[in-house]
>>> print(open('input-v2.cif').read())   # mmCIF, C-alpha atoms and all ligand atoms
data_query
#
loop_
_atom_site.group_PDB
_atom_site.id
_atom_site.type_symbol
_atom_site.label_atom_id
_atom_site.label_comp_id
_atom_site.auth_asym_id
_atom_site.auth_seq_id
_atom_site.Cartn_x
_atom_site.Cartn_y
_atom_site.Cartn_z
ATOM 1 C CA MET A 1 69.311 49.523 -34.781
ATOM 2 C CA ALA A 2 68.748 52.987 -33.359
ATOM 3 C CA ALA A 3 67.632 53.207 -29.756
ATOM 4 C CA ARG A 4 63.866 53.607 -29.517
ATOM 5 C CA LEU A 5 62.313 56.741 -28.014
ATOM 6 C CA THR A 6 58.673 56.514 -26.927
ATOM 7 C CA PRO A 7 56.811 59.409 -25.333
ATOM 8 C CA ILE A 8 54.201 58.410 -22.760
ATOM 9 C CA PRO A 9 51.714 61.209 -21.954
ATOM 10 C CA LEU A 10 50.977 61.341 -18.218
ATOM 11 C CA PRO A 11 48.116 63.235 -16.565
ATOM 12 C CA THR A 12 48.897 66.164 -14.259
ATOM 13 C CA PRO A 13 46.649 68.246 -11.987
ATOM 14 C CA PHE A 14 48.030 71.368 -13.684
ATOM 15 C CA ARG A 15 46.465 73.666 -16.274
ATOM 16 C CA ILE A 16 49.065 72.542 -18.837
ATOM 17 C CA GLY A 17 47.495 69.043 -18.985
ATOM 18 C CA ASP A 18 49.537 65.950 -19.825
ATOM 19 C CA VAL A 19 53.298 65.841 -19.500
ATOM 20 C CA ASN A 20 55.407 63.544 -21.677
ATOM 21 C CA CYS A 21 57.751 60.995 -20.155
ATOM 22 C CA VAL A 22 60.141 59.833 -22.881
ATOM 23 C CA VAL A 23 61.155 56.187 -22.575
ATOM 24 C CA ILE A 24 64.592 55.486 -24.026
ATOM 25 C CA GLU A 25 65.250 51.871 -24.960
ATOM 26 C CA ALA A 26 68.980 51.739 -25.633
ATOM 27 C CA ASP A 27 71.344 49.182 -24.031
ATOM 28 C CA VAL A 28 70.224 50.978 -20.904
ATOM 29 C CA LEU A 29 66.555 51.610 -20.104
ATOM 30 C CA ALA A 30 66.099 55.281 -19.298
ATOM 31 C CA LEU A 31 63.256 57.711 -18.696
ATOM 32 C CA VAL A 32 63.345 61.431 -19.369
ATOM 33 C CA ASP A 33 60.999 63.338 -17.003
ATOM 34 C CA VAL A 34 58.375 61.526 -14.998
ATOM 35 C CA GLY A 35 55.467 63.793 -14.113
ATOM 36 C CA PRO A 36 54.259 65.106 -10.746
ATOM 37 C CA ASN A 37 54.217 63.064 -7.550
ATOM 38 C CA ASP A 38 50.556 62.161 -7.895
ATOM 39 C CA PRO A 39 48.942 58.675 -7.832
ATOM 40 C CA PRO A 40 47.113 58.992 -11.217
ATOM 41 C CA THR A 41 50.400 60.015 -12.848
ATOM 42 C CA LEU A 42 52.197 57.007 -11.398
ATOM 43 C CA ALA A 43 49.411 54.671 -12.526
ATOM 44 C CA ALA A 44 49.617 56.034 -16.084
ATOM 45 C CA LEU A 45 53.390 55.648 -16.111
ATOM 46 C CA GLU A 46 53.160 52.039 -14.929
ATOM 47 C CA GLN A 47 50.576 51.319 -17.594
ATOM 48 C CA GLY A 48 52.595 53.018 -20.336
ATOM 49 C CA LEU A 49 55.719 51.067 -19.412
ATOM 50 C CA ALA A 50 53.732 47.819 -19.288
ATOM 51 C CA GLY A 51 52.683 48.519 -22.883
ATOM 52 C CA LEU A 52 56.384 48.349 -23.778
ATOM 53 C CA GLY A 53 56.889 45.212 -21.679
ATOM 54 C CA ARG A 54 58.771 47.199 -19.031
ATOM 55 C CA ARG A 55 58.361 47.978 -15.355
ATOM 56 C CA ILE A 56 59.440 50.883 -13.184
ATOM 57 C CA GLU A 57 61.777 48.459 -11.403
ATOM 58 C CA ASP A 58 63.671 47.992 -14.709
ATOM 59 C CA VAL A 59 64.566 51.665 -15.124
ATOM 60 C CA GLU A 60 68.330 52.204 -14.942
ATOM 61 C CA LEU A 61 68.707 55.909 -15.650
ATOM 62 C CA LEU A 62 66.408 58.818 -14.963
ATOM 63 C CA LEU A 63 67.168 61.991 -16.905
ATOM 64 C CA LEU A 64 65.537 65.242 -15.869
ATOM 65 C CA THR A 65 65.128 68.256 -18.136
ATOM 66 C CA HIS A 66 64.296 70.939 -15.550
ATOM 67 C CA GLN A 67 63.123 71.792 -12.063
ATOM 68 C CA HIS A 68 59.333 72.011 -12.512
ATOM 69 C CA TYR A 69 57.051 69.704 -10.505
ATOM 70 C CA ASP A 70 55.368 68.284 -13.565
ATOM 71 C CA HIS A 71 58.750 66.920 -14.712
ATOM 72 C CA VAL A 72 60.592 65.824 -11.552
ATOM 73 C CA GLY A 73 57.822 65.023 -9.068
ATOM 74 C CA LEU A 74 57.822 61.224 -9.286
ATOM 75 C CA ALA A 75 61.609 61.000 -9.575
ATOM 76 C CA GLN A 76 62.285 60.037 -5.946
ATOM 77 C CA GLN A 77 59.654 57.259 -5.984
ATOM 78 C CA ILE A 78 61.096 55.828 -9.180
ATOM 79 C CA VAL A 79 64.605 55.926 -7.747
ATOM 80 C CA ASP A 80 63.370 54.190 -4.580
ATOM 81 C CA ARG A 81 61.724 51.404 -6.565
ATOM 82 C CA SER A 82 64.284 50.893 -9.303
ATOM 83 C CA GLY A 83 67.611 52.089 -7.941
ATOM 84 C CA ALA A 84 67.892 54.165 -11.127
ATOM 85 C CA ARG A 85 70.694 56.707 -11.211
ATOM 86 C CA VAL A 86 69.568 60.295 -11.667
ATOM 87 C CA VAL A 87 71.107 62.352 -14.471
ATOM 88 C CA ALA A 88 70.818 66.147 -14.312
ATOM 89 C CA GLY A 89 72.506 69.202 -15.722
ATOM 90 C CA ARG A 90 74.810 71.154 -13.419
ATOM 91 C CA ALA A 91 72.196 73.809 -12.589
ATOM 92 C CA LEU A 92 69.422 71.293 -11.865
ATOM 93 C CA SER A 93 71.744 69.210 -9.687
ATOM 94 C CA GLY A 94 72.328 72.342 -7.578
ATOM 95 C CA PHE A 95 68.585 72.927 -7.315
ATOM 96 C CA LEU A 96 67.892 69.303 -6.302
ATOM 97 C CA ALA A 97 70.756 69.221 -3.790
ATOM 98 C CA ARG A 98 69.065 71.869 -1.649
ATOM 99 C CA GLY A 99 65.781 69.940 -1.558
ATOM 100 C CA GLU A 100 62.803 71.716 -0.011
ATOM 101 C CA GLN A 101 64.937 74.823 0.599
ATOM 102 C CA SER A 102 65.140 75.431 -3.175
ATOM 103 C CA LEU A 103 61.339 75.498 -3.347
ATOM 104 C CA GLU A 104 61.065 77.781 -0.307
ATOM 105 C CA ASP A 105 63.634 80.205 -1.692
ATOM 106 C CA ASP A 106 62.014 80.250 -5.114
ATOM 107 C CA ASP A 107 58.612 80.960 -3.532
ATOM 108 C CA ALA A 108 60.149 83.792 -1.474
ATOM 109 C CA PHE A 109 61.782 85.200 -4.617
ATOM 110 C CA ALA A 110 58.445 85.127 -6.467
ATOM 111 C CA GLU A 111 56.777 86.884 -3.544
ATOM 112 C CA LEU A 112 59.455 89.593 -3.601
ATOM 113 C CA GLN A 113 59.018 90.082 -7.353
ATOM 114 C CA MET A 114 55.243 90.394 -6.941
ATOM 115 C CA HIS A 115 55.712 93.060 -4.263
ATOM 116 C CA LEU A 116 58.214 94.948 -6.432
ATOM 117 C CA HIS A 117 55.928 94.859 -9.460
ATOM 118 C CA GLY A 118 52.711 96.052 -7.850
ATOM 119 C CA VAL A 119 50.711 92.870 -7.195
ATOM 120 C CA ASP A 120 48.201 93.333 -4.346
ATOM 121 C CA GLU A 121 48.635 91.637 -0.945
ATOM 122 C CA LEU A 122 45.641 89.327 -1.246
ATOM 123 C CA THR A 123 46.815 87.913 -4.572
ATOM 124 C CA ILE A 124 50.339 87.460 -3.208
ATOM 125 C CA ARG A 125 49.029 85.601 -0.166
ATOM 126 C CA THR A 126 46.769 83.400 -2.306
ATOM 127 C CA LEU A 127 49.608 82.508 -4.651
ATOM 128 C CA ARG A 128 52.005 81.869 -1.758
ATOM 129 C CA ASP A 129 49.531 79.421 -0.166
ATOM 130 C CA ARG A 130 48.943 77.661 -3.480
ATOM 131 C CA ALA A 131 52.673 77.387 -4.153
ATOM 132 C CA ARG A 132 53.236 75.838 -0.726
ATOM 133 C CA ALA A 133 50.370 73.391 -1.258
ATOM 134 C CA ARG A 134 52.100 72.196 -4.442
ATOM 135 C CA HIS A 135 55.398 71.244 -2.768
ATOM 136 C CA PRO A 136 54.330 67.614 -2.126
ATOM 137 C CA LEU A 137 53.879 67.185 -5.903
ATOM 138 C CA GLY A 138 57.639 67.568 -6.261
ATOM 139 C CA SER A 139 60.666 65.593 -5.127
ATOM 140 C CA SER A 140 64.371 66.249 -4.898
ATOM 141 C CA PRO A 141 66.430 63.137 -5.630
ATOM 142 C CA ALA A 142 70.185 63.676 -5.563
ATOM 143 C CA ALA A 143 71.801 63.718 -9.002
ATOM 144 C CA ASP A 144 74.190 60.779 -9.416
ATOM 145 C CA ILE A 145 75.507 61.926 -12.796
ATOM 146 C CA VAL A 146 75.949 65.671 -13.293
ATOM 147 C CA LEU A 147 76.365 66.952 -16.836
ATOM 148 C CA ASP A 148 77.926 70.285 -17.696
ATOM 149 C CA ASP A 149 76.865 72.097 -20.834
ATOM 150 C CA ASP A 150 77.944 70.058 -23.892
ATOM 151 C CA ASP A 151 78.852 66.924 -21.898
ATOM 152 C CA SER A 152 77.901 63.592 -23.457
ATOM 153 C CA LEU A 153 76.155 60.628 -21.874
ATOM 154 C CA ASP A 154 76.592 57.143 -23.352
ATOM 155 C CA LEU A 155 73.528 54.910 -22.945
ATOM 156 C CA GLY A 156 74.914 52.119 -25.136
ATOM 157 C CA GLY A 157 73.711 52.416 -28.723
ATOM 158 C CA LEU A 158 72.789 56.033 -28.047
ATOM 159 C CA VAL A 159 74.903 59.018 -27.078
ATOM 160 C CA LEU A 160 73.116 62.116 -25.801
ATOM 161 C CA ARG A 161 74.709 65.544 -25.656
ATOM 162 C CA ALA A 162 73.434 67.711 -22.796
ATOM 163 C CA LEU A 163 72.885 71.338 -23.789
ATOM 164 C CA HIS A 164 72.013 73.890 -21.130
ATOM 165 C CA ARG A 165 69.136 76.035 -22.442
ATOM 166 C CA PRO A 166 68.000 78.319 -19.593
ATOM 167 C CA GLY A 167 65.052 80.683 -19.955
ATOM 168 C CA HIS A 168 61.839 78.778 -19.255
ATOM 169 C CA SER A 169 63.629 77.972 -15.989
ATOM 170 C CA PRO A 170 67.285 78.374 -14.965
ATOM 171 C CA THR A 171 67.802 74.616 -15.246
ATOM 172 C CA ASP A 172 66.467 73.609 -18.687
ATOM 173 C CA THR A 173 68.575 71.035 -20.495
ATOM 174 C CA VAL A 174 68.097 69.656 -24.006
ATOM 175 C CA PHE A 175 69.348 66.121 -24.691
ATOM 176 C CA LEU A 176 70.556 65.774 -28.285
ATOM 177 C CA ASP A 177 71.067 62.531 -30.219
ATOM 178 C CA GLU A 178 73.290 63.907 -32.973
ATOM 179 C CA GLN A 179 73.461 60.684 -34.911
ATOM 180 C CA GLN A 180 69.710 60.469 -35.550
ATOM 181 C CA GLY A 181 68.914 64.187 -35.278
ATOM 182 C CA ARG A 182 66.602 63.657 -32.326
ATOM 183 C CA ALA A 183 66.359 65.942 -29.321
ATOM 184 C CA ILE A 184 64.463 65.656 -26.051
ATOM 185 C CA VAL A 185 63.676 69.258 -25.256
ATOM 186 C CA GLY A 186 61.442 69.373 -22.167
ATOM 187 C CA ASP A 187 59.602 72.699 -22.023
ATOM 188 C CA HIS A 188 62.306 74.597 -23.897
ATOM 189 C CA LEU A 189 60.276 74.351 -27.113
ATOM 190 C CA LEU A 190 56.604 73.350 -27.274
ATOM 191 C CA ARG A 191 54.464 73.036 -30.380
ATOM 192 C CA HIS A 192 51.067 74.246 -29.137
ATOM 193 C CA ILE A 193 52.012 77.047 -26.736
ATOM 194 C CA SER A 194 54.798 79.533 -26.187
ATOM 195 C CA SER A 195 56.875 78.475 -23.139
ATOM 196 C CA ASN A 196 56.654 81.028 -20.358
ATOM 197 C CA PRO A 197 59.959 82.685 -19.388
ATOM 198 C CA VAL A 198 59.184 82.078 -15.715
ATOM 199 C CA LEU A 199 60.919 84.487 -13.359
ATOM 200 C CA HIS A 200 62.799 82.071 -11.070
ATOM 201 C CA LEU A 201 65.546 82.528 -8.533
ATOM 202 C CA PRO A 202 68.903 81.743 -10.180
ATOM 203 C CA ILE A 203 70.407 78.544 -8.731
ATOM 204 C CA GLY A 204 72.355 79.244 -5.541
ATOM 205 C CA ALA A 205 71.539 82.979 -5.523
ATOM 206 C CA PRO A 206 70.159 84.814 -2.471
ATOM 207 C CA VAL A 207 66.424 85.614 -2.557
ATOM 208 C CA ALA A 208 67.173 89.354 -2.855
ATOM 209 C CA VAL A 209 69.508 88.705 -5.813
ATOM 210 C CA GLN A 210 70.623 91.795 -7.725
ATOM 211 C CA PRO A 211 70.371 92.382 -10.582
ATOM 212 C CA ARG A 212 67.136 90.494 -11.216
ATOM 213 C CA PRO A 213 67.549 87.709 -13.813
ATOM 214 C CA ARG A 214 66.488 88.605 -17.369
ATOM 215 C CA THR A 215 64.661 85.435 -18.227
ATOM 216 C CA LEU A 216 63.103 86.326 -21.578
ATOM 217 C CA VAL A 217 66.384 87.723 -22.942
ATOM 218 C CA THR A 218 68.088 84.516 -21.761
ATOM 219 C CA TYR A 219 65.313 82.373 -23.227
ATOM 220 C CA LEU A 220 65.492 83.980 -26.671
ATOM 221 C CA ASP A 221 69.281 83.428 -26.724
ATOM 222 C CA SER A 222 68.669 79.776 -25.846
ATOM 223 C CA LEU A 223 66.062 79.422 -28.611
ATOM 224 C CA ARG A 224 68.470 80.853 -31.190
ATOM 225 C CA ALA A 225 71.129 78.367 -30.096
ATOM 226 C CA THR A 226 68.623 75.531 -30.548
ATOM 227 C CA ALA A 227 67.590 76.784 -33.987
ATOM 228 C CA ALA A 228 71.236 76.399 -35.047
ATOM 229 C CA LEU A 229 71.167 72.657 -34.251
ATOM 230 C CA ASP A 230 70.320 70.018 -36.823
ATOM 231 C CA ILE A 231 67.214 68.379 -35.421
ATOM 232 C CA VAL A 232 64.804 66.156 -37.326
ATOM 233 C CA GLU A 233 62.484 65.377 -34.420
ATOM 234 C CA ALA A 234 62.177 67.203 -31.111
ATOM 235 C CA TYR A 235 60.374 65.452 -28.240
ATOM 236 C CA PRO A 236 58.759 68.153 -26.075
ATOM 237 C CA GLY A 237 57.610 67.973 -22.460
ATOM 238 C CA HIS A 238 53.995 68.610 -23.480
ATOM 239 C CA GLY A 239 52.137 68.005 -26.734
ATOM 240 C CA SER A 240 53.219 66.451 -30.002
ATOM 241 C CA LEU A 241 56.582 66.069 -31.748
ATOM 242 C CA VAL A 242 58.219 69.092 -33.334
ATOM 243 C CA THR A 243 59.525 68.371 -36.824
ATOM 244 C CA ASP A 244 60.192 71.954 -37.937
ATOM 245 C CA HIS A 245 62.106 73.390 -34.997
ATOM 246 C CA ARG A 246 63.637 76.301 -36.956
ATOM 247 C CA ALA A 247 60.251 77.541 -38.181
ATOM 248 C CA LEU A 248 58.789 77.092 -34.708
ATOM 249 C CA VAL A 249 61.640 79.017 -33.062
ATOM 250 C CA GLN A 250 61.137 81.815 -35.601
ATOM 251 C CA LYS A 251 57.408 81.840 -34.833
ATOM 252 C CA ARG A 252 58.162 82.148 -31.112
ATOM 253 C CA ILE A 253 60.674 84.967 -31.688
ATOM 254 C CA ASP A 254 58.181 86.811 -33.924
ATOM 255 C CA GLY A 255 55.456 86.317 -31.310
ATOM 256 C CA HIS A 256 57.640 87.884 -28.618
ATOM 257 C CA GLU A 257 58.488 90.818 -30.919
ATOM 258 C CA GLU A 258 54.769 91.455 -31.449
ATOM 259 C CA ARG A 259 53.984 91.221 -27.747
ATOM 260 C CA LYS A 260 56.859 93.583 -26.981
ATOM 261 C CA GLU A 261 55.405 96.217 -29.340
ATOM 262 C CA ARG A 262 51.980 95.769 -27.741
ATOM 263 C CA ILE A 263 53.474 96.274 -24.288
ATOM 264 C CA LEU A 264 55.260 99.411 -25.487
ATOM 265 C CA GLY A 265 51.800 100.687 -26.436
ATOM 266 C CA HIS A 266 50.806 100.480 -22.762
ATOM 267 C CA LEU A 267 53.680 102.698 -21.628
ATOM 268 C CA ALA A 268 53.272 106.456 -21.260
ATOM 269 C CA ALA A 269 55.135 109.391 -19.685
ATOM 270 C CA GLU A 270 53.354 108.569 -16.421
ATOM 271 C CA PRO A 271 55.025 105.604 -14.582
ATOM 272 C CA THR A 272 53.095 102.326 -14.525
ATOM 273 C CA THR A 273 53.673 98.936 -12.887
ATOM 274 C CA VAL A 274 54.075 95.524 -14.476
ATOM 275 C CA ARG A 275 50.897 94.401 -12.725
ATOM 276 C CA ALA A 276 48.902 97.299 -14.224
ATOM 277 C CA ILE A 277 50.167 96.475 -17.723
ATOM 278 C CA GLY A 278 49.280 92.824 -17.164
ATOM 279 C CA GLN A 279 45.748 93.774 -16.142
ATOM 280 C CA GLU A 280 45.311 95.893 -19.263
ATOM 281 C CA LEU A 281 46.606 93.088 -21.497
ATOM 282 C CA TRP A 282 44.658 90.281 -19.792
ATOM 283 C CA PRO A 283 41.703 91.795 -17.871
ATOM 284 C CA LYS A 284 40.125 88.416 -17.015
ATOM 285 C CA LEU A 285 43.304 86.636 -15.969
ATOM 286 C CA PRO A 286 42.719 83.878 -13.356
ATOM 287 C CA VAL A 287 44.697 84.424 -10.165
ATOM 288 C CA ASP A 288 46.917 81.374 -10.736
ATOM 289 C CA GLN A 289 48.205 82.986 -13.951
ATOM 290 C CA VAL A 290 49.230 86.293 -12.363
ATOM 291 C CA TYR A 291 52.862 85.340 -11.828
ATOM 292 C CA LEU A 292 53.248 83.911 -15.333
ATOM 293 C CA ALA A 293 51.808 87.142 -16.753
ATOM 294 C CA LEU A 294 54.191 89.144 -14.591
ATOM 295 C CA SER A 295 57.112 87.080 -15.918
ATOM 296 C CA GLU A 296 56.015 87.737 -19.510
ATOM 297 C CA VAL A 297 55.616 91.480 -19.069
ATOM 298 C CA VAL A 298 58.862 91.919 -17.112
ATOM 299 C CA GLY A 299 60.706 89.987 -19.820
ATOM 300 C CA HIS A 300 59.441 92.215 -22.599
ATOM 301 C CA LEU A 301 60.138 95.362 -20.585
ATOM 302 C CA ASP A 302 63.754 94.154 -20.168
ATOM 303 C CA MET A 303 64.006 94.060 -23.970
ATOM 304 C CA LEU A 304 62.454 97.527 -24.331
ATOM 305 C CA VAL A 305 64.862 98.938 -21.724
ATOM 306 C CA ASP A 306 67.788 97.338 -23.627
ATOM 307 C CA GLU A 307 66.548 98.983 -26.817
ATOM 308 C CA GLY A 308 66.378 102.380 -25.109
ATOM 309 C CA ARG A 309 62.592 102.588 -25.584
ATOM 310 C CA ALA A 310 61.534 102.169 -21.940
ATOM 311 C CA ILE A 311 62.877 103.388 -18.610
ATOM 312 C CA GLU A 312 62.805 101.418 -15.361
ATOM 313 C CA LEU A 313 62.393 103.411 -12.135
ATOM 314 C CA GLU A 314 62.503 102.029 -8.609
ATOM 315 C CA SER A 315 61.523 103.807 -5.453
ATOM 316 C CA ALA A 316 60.158 102.735 -2.077
ATOM 317 C CA GLY A 317 60.155 99.071 -3.077
ATOM 318 C CA LEU A 318 58.079 99.595 -6.214
ATOM 319 C CA VAL A 319 59.393 99.199 -9.771
ATOM 320 C CA GLN A 320 57.669 101.259 -12.455
ATOM 321 C CA TYR A 321 58.189 101.871 -16.166
ATOM 322 C CA THR A 322 57.770 104.814 -18.491
ATOM 323 C CA ARG A 323 58.230 105.349 -22.194
ATOM 324 C CA ALA A 324 61.769 106.622 -22.952
HETATM 325 ZN ZN ZN A 401 58.273 73.618 -17.102
#
>>> encode(input="input-v2.cif", output="structure tokens")
Amino acid sequence: MAARLTPIPLPTPFRIGDVNCVVIEADVLALVDVGPNDPPTLAALEQGLAGLGRRIEDVELLLLTHQHYDHVGLAQQIVDRSGARVVAGRALSGFLARGEQSLEDDDAFAELQMHLHGVDELTIRTLRDRARARHPLGSSPAADIVLDDDDSLDLGGLVLRALHRPGHSPTDTVFLDEQQGRAIVGDHLLRHISSNPVLHLPIGAPVAVQPRPRTLVTYLDSLRATAALDIVEAYPGHGSLVTDHRALVQKRIDGHEERKERILGHLAAEPTTVRAIGQELWPKLPVDQVYLALSEVVGHLDMLVDEGRAIELESAGLVQYTRA
């Protein structure tokens, strides 16, 4: 009998809403992603496991898809209670190994990007304080089993191939069950929303890393690689199962093409900043979405620069764009 996969939706204090923890019942009991380090999330996880006749103490392996709080936050508590071994891709293991410092560096990188792209001081300070306040929702357990791209993990009755799919973050990993055509995809591919290509510090890089990572270009490459896989059912980090991954990937690629053309429409001969374009596109954007909007716009501008349709200029610590 095939190993059973059961997603348990867990509440989060984030705008995204519930996050899915996928319970894997193979010879080994494993969880993939566990939600933020927040008491209501833990209570929901305990309840969900009880519904399967399981307890947190029974968990033997904990697989993590990527570095975001809403996926790794409870990991340390679960390890402490169960002794579960943590499984992570190479990039995520590097992120976890540096603990709180990884979060600090990533915050500092985001702050630098906001300065470079024309975000005002007050917004930067507000976002920096909010980011810091979120740190306790995370955790940084050491990875006991580190998987390189295309490594396999045998859970007994289920073999998962780990595929590195950076873009939404530098650490995204998809776990593929080739035999049954099932994949656990984290936030790499979501049904109800387009995953943000969040501008993060590359793992192990200095905060002032040059050149800046090109997250949307990377993400689209990752999506194309996933579209080439044979998948019957994809289990995402949020929302319902994906049963038409190729069509969904195409929809995401088309959506980014459209947004790119719209952003080109906001470029002129006169230089403009990413922040100004973001404000024209989304005039009523809440402050907590400013960095995600910046990541989106920067990503599309990278594509336009590659295509020779936009020009990036930098002077006195400010990056601006013009039409080519
Ligand atoms: Zn995420």
>>> resolve_selection(input="input-v2.cif", expression="the PyMOL selection byres (((not hetatm)) within 9 of (chain A and resi 401))", output="ChimeraX atom specification")
/A:65-71,168-169,172,186-188,195-196,198,237
>>> write_last_selection(input="input-v2.cif", atoms="C-alpha atoms", output="tab-separated table (two decimals), in the coordinates of the input")
chain	number	residue	atom	x	y	z
A	65	THR	CA	65.13	68.26	-18.14
A	66	HIS	CA	64.30	70.94	-15.55
A	67	GLN	CA	63.12	71.79	-12.06
A	68	HIS	CA	59.33	72.01	-12.51
A	69	TYR	CA	57.05	69.70	-10.50
A	70	ASP	CA	55.37	68.28	-13.56
A	71	HIS	CA	58.75	66.92	-14.71
A	168	HIS	CA	61.84	78.78	-19.26
A	169	SER	CA	63.63	77.97	-15.99
A	172	ASP	CA	66.47	73.61	-18.69
A	186	GLY	CA	61.44	69.37	-22.17
A	187	ASP	CA	59.60	72.70	-22.02
A	188	HIS	CA	62.31	74.60	-23.90
A	195	SER	CA	56.88	78.47	-23.14
A	196	ASN	CA	56.65	81.03	-20.36
A	198	VAL	CA	59.18	82.08	-15.72
A	237	GLY	CA	57.61	67.97	-22.46
>>> atom_distance(input="input-v2.cif", atom1="atom CA of A:Leu189", atom2="atom CA of A:Trp282")
23.5 Å
>>> resolve_selection(input="input-v2.cif", expression="the PyMOL selection byres (((chain A and resi 265-281) around 10) and not hetatm)", output="number ranges by chain")
A: 114-120, 259-264, 282-285, 290-298, 301, 309-313, 318-324
>>> resolve_selection(input="input-v2.cif", expression="the PyMOL selection byres (((chain A and resi 152) around 10) and not hetatm)", output="number ranges by chain")
A: 147-151, 153-155, 159-163, 175-177
>>> closest_residue(input="input-v2.cif", among="A:Gly181, A:Pro9, A:Gly157, A:Gly73", to="A:Arg134", atoms="only C-alpha atoms")
A:Gly73
>>> residues_around(input="input-v2.cif", residues="A:Arg246", least_positions_apart="4", cutoff="8 Å", atoms="all atoms listed in the file", output="CSV table (one decimal) with C-alpha atoms, in the frame of the given file")
chain,number,residue,atom,x,y,z
A,227,ALA,CA,67.6,76.8,-34.0
A,228,ALA,CA,71.2,76.4,-35.0
A,250,GLN,CA,61.1,81.8,-35.6
>>> atom_distance(input="input-v2.cif", atom1="atom CA of A:Arg55", atom2="atom CA of A:Ile16")
26.5 Å
